[in-house]
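Q: Encoded as C-alpha cells, here's the structure I'll be asking about.
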Amino acid sequence: PAVDLTTGKCVITSQNHGYALDDSRMPVGWDRFYVNANDGSNEGIRHLEKPFRSVQFHPEAKGGPLDTSHLFAEFVTQVRAMKAAGVPATANIAEPISVKQSVSATA
C-alpha cells in the first residue's frame, strides 16, 4: 500500500523493486509524493513547480483494481492544459537534474 501525500489517500499497489529513494538526498525543488504505508519508504516524487512526477510502483497494474488510474488522468489533464496555453513540450526540461552520487557496498 502507498499513501498519496497530497491527498492522504492510501492505494493498493503492485510493486517489484528492491531499492528505495533516500529522502535525505532529494534534489532542490522536489518533494515526496507517495510513501509506503508499511515502512514509510519513498514510493514517489514530484517536482514542486514543473509538471514532473514519478512513482515506484506499477500504476498500470491495477492493484486495487483502479486505485491509481487517477495518475494517468492527472497527467493527460496537465498535458492538455499546457498545450492549450501554448507551452512547448520541451519548455520545462531546460535544466538537468543533478544529485550527489554516493557509492556504497552491499554484501
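Please note that chains go A, B, ... in the order of the C-alpha cells, that every chain numbers its residues from 1, and that ligands are numbered from 1 in the order shown.
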Would you kindly return, as a PyMOL selection string, each protein, DNA or RNA residue with an atom no farther than 9 Å from any atom of segment 35-44 of chain A, considering only C-alpha atoms and excluding same-chain residues fewer than 3 positions away?

A: chain A and resi 1-5+10+20-23+31-32+53-57

Q: Hey, can you spit out that residue selection with C-alpha atoms as an mmCIF file, in the first residue's frame?

A:
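Saved result, part.cif, follows:
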```
data_model
loop_
_atom_site.group_PDB
_atom_site.id
_atom_site.type_symbol
_atom_site.label_atom_id
_atom_site.label_comp_id
_atom_site.auth_asym_id
_atom_site.auth_seq_id
_atom_site.Cartn_x
_atom_site.Cartn_y
_atom_site.Cartn_z
ATOM 1 C CA PRO A 1 0.000 0.000 0.000
ATOM 2 C CA ALA A 2 1.161 3.536 -0.806
ATOM 3 C CA VAL A 3 -0.108 6.813 0.639
ATOM 4 C CA ASP A 4 -0.533 9.881 -1.605
ATOM 5 C CA LEU A 5 0.914 12.722 0.477
ATOM 6 C CA CYS A 10 -3.957 5.063 0.534
ATOM 7 C CA ALA A 20 14.321 2.919 -2.284
ATOM 8 C CA LEU A 21 14.942 6.620 -2.735
ATOM 9 C CA ASP A 22 16.938 8.320 0.006
ATOM 10 C CA ASP A 23 14.788 11.273 1.125
ATOM 11 C CA ASP A 31 9.254 16.523 -2.758
ATOM 12 C CA ARG A 32 7.936 13.159 -1.644
ATOM 13 C CA ARG A 53 6.227 13.234 -11.116
ATOM 14 C CA SER A 54 7.167 9.607 -10.721
ATOM 15 C CA VAL A 55 6.086 6.616 -8.661
ATOM 16 C CA GLN A 56 7.979 3.479 -7.670
ATOM 17 C CA PHE A 57 5.093 1.120 -8.184
#
```

Q: One decimal, Å: what's the distance from atom CA of Lys50 of chain A over to atom CA of Ala84 of chain A, could you say?

A: 16.5 Å

Q: Of the candidates A:His70, A:Arg25, A:His47, A:Arg80, which one gets nearest to Thr7 of chain A if we count only C-alpha atoms?

A: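 Ranking A:His70, A:Arg25, A:His47, A:Arg80 by distance to Thr7 of chain A, first place goes to A:His70.
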
Q: Ranking A:Val11, A:Tyr34, A:Pro51, A:Tyr19 by minimum distance to Val76 of chain A and counting only C-alpha atoms, which one comes first?

A: A:Pro51
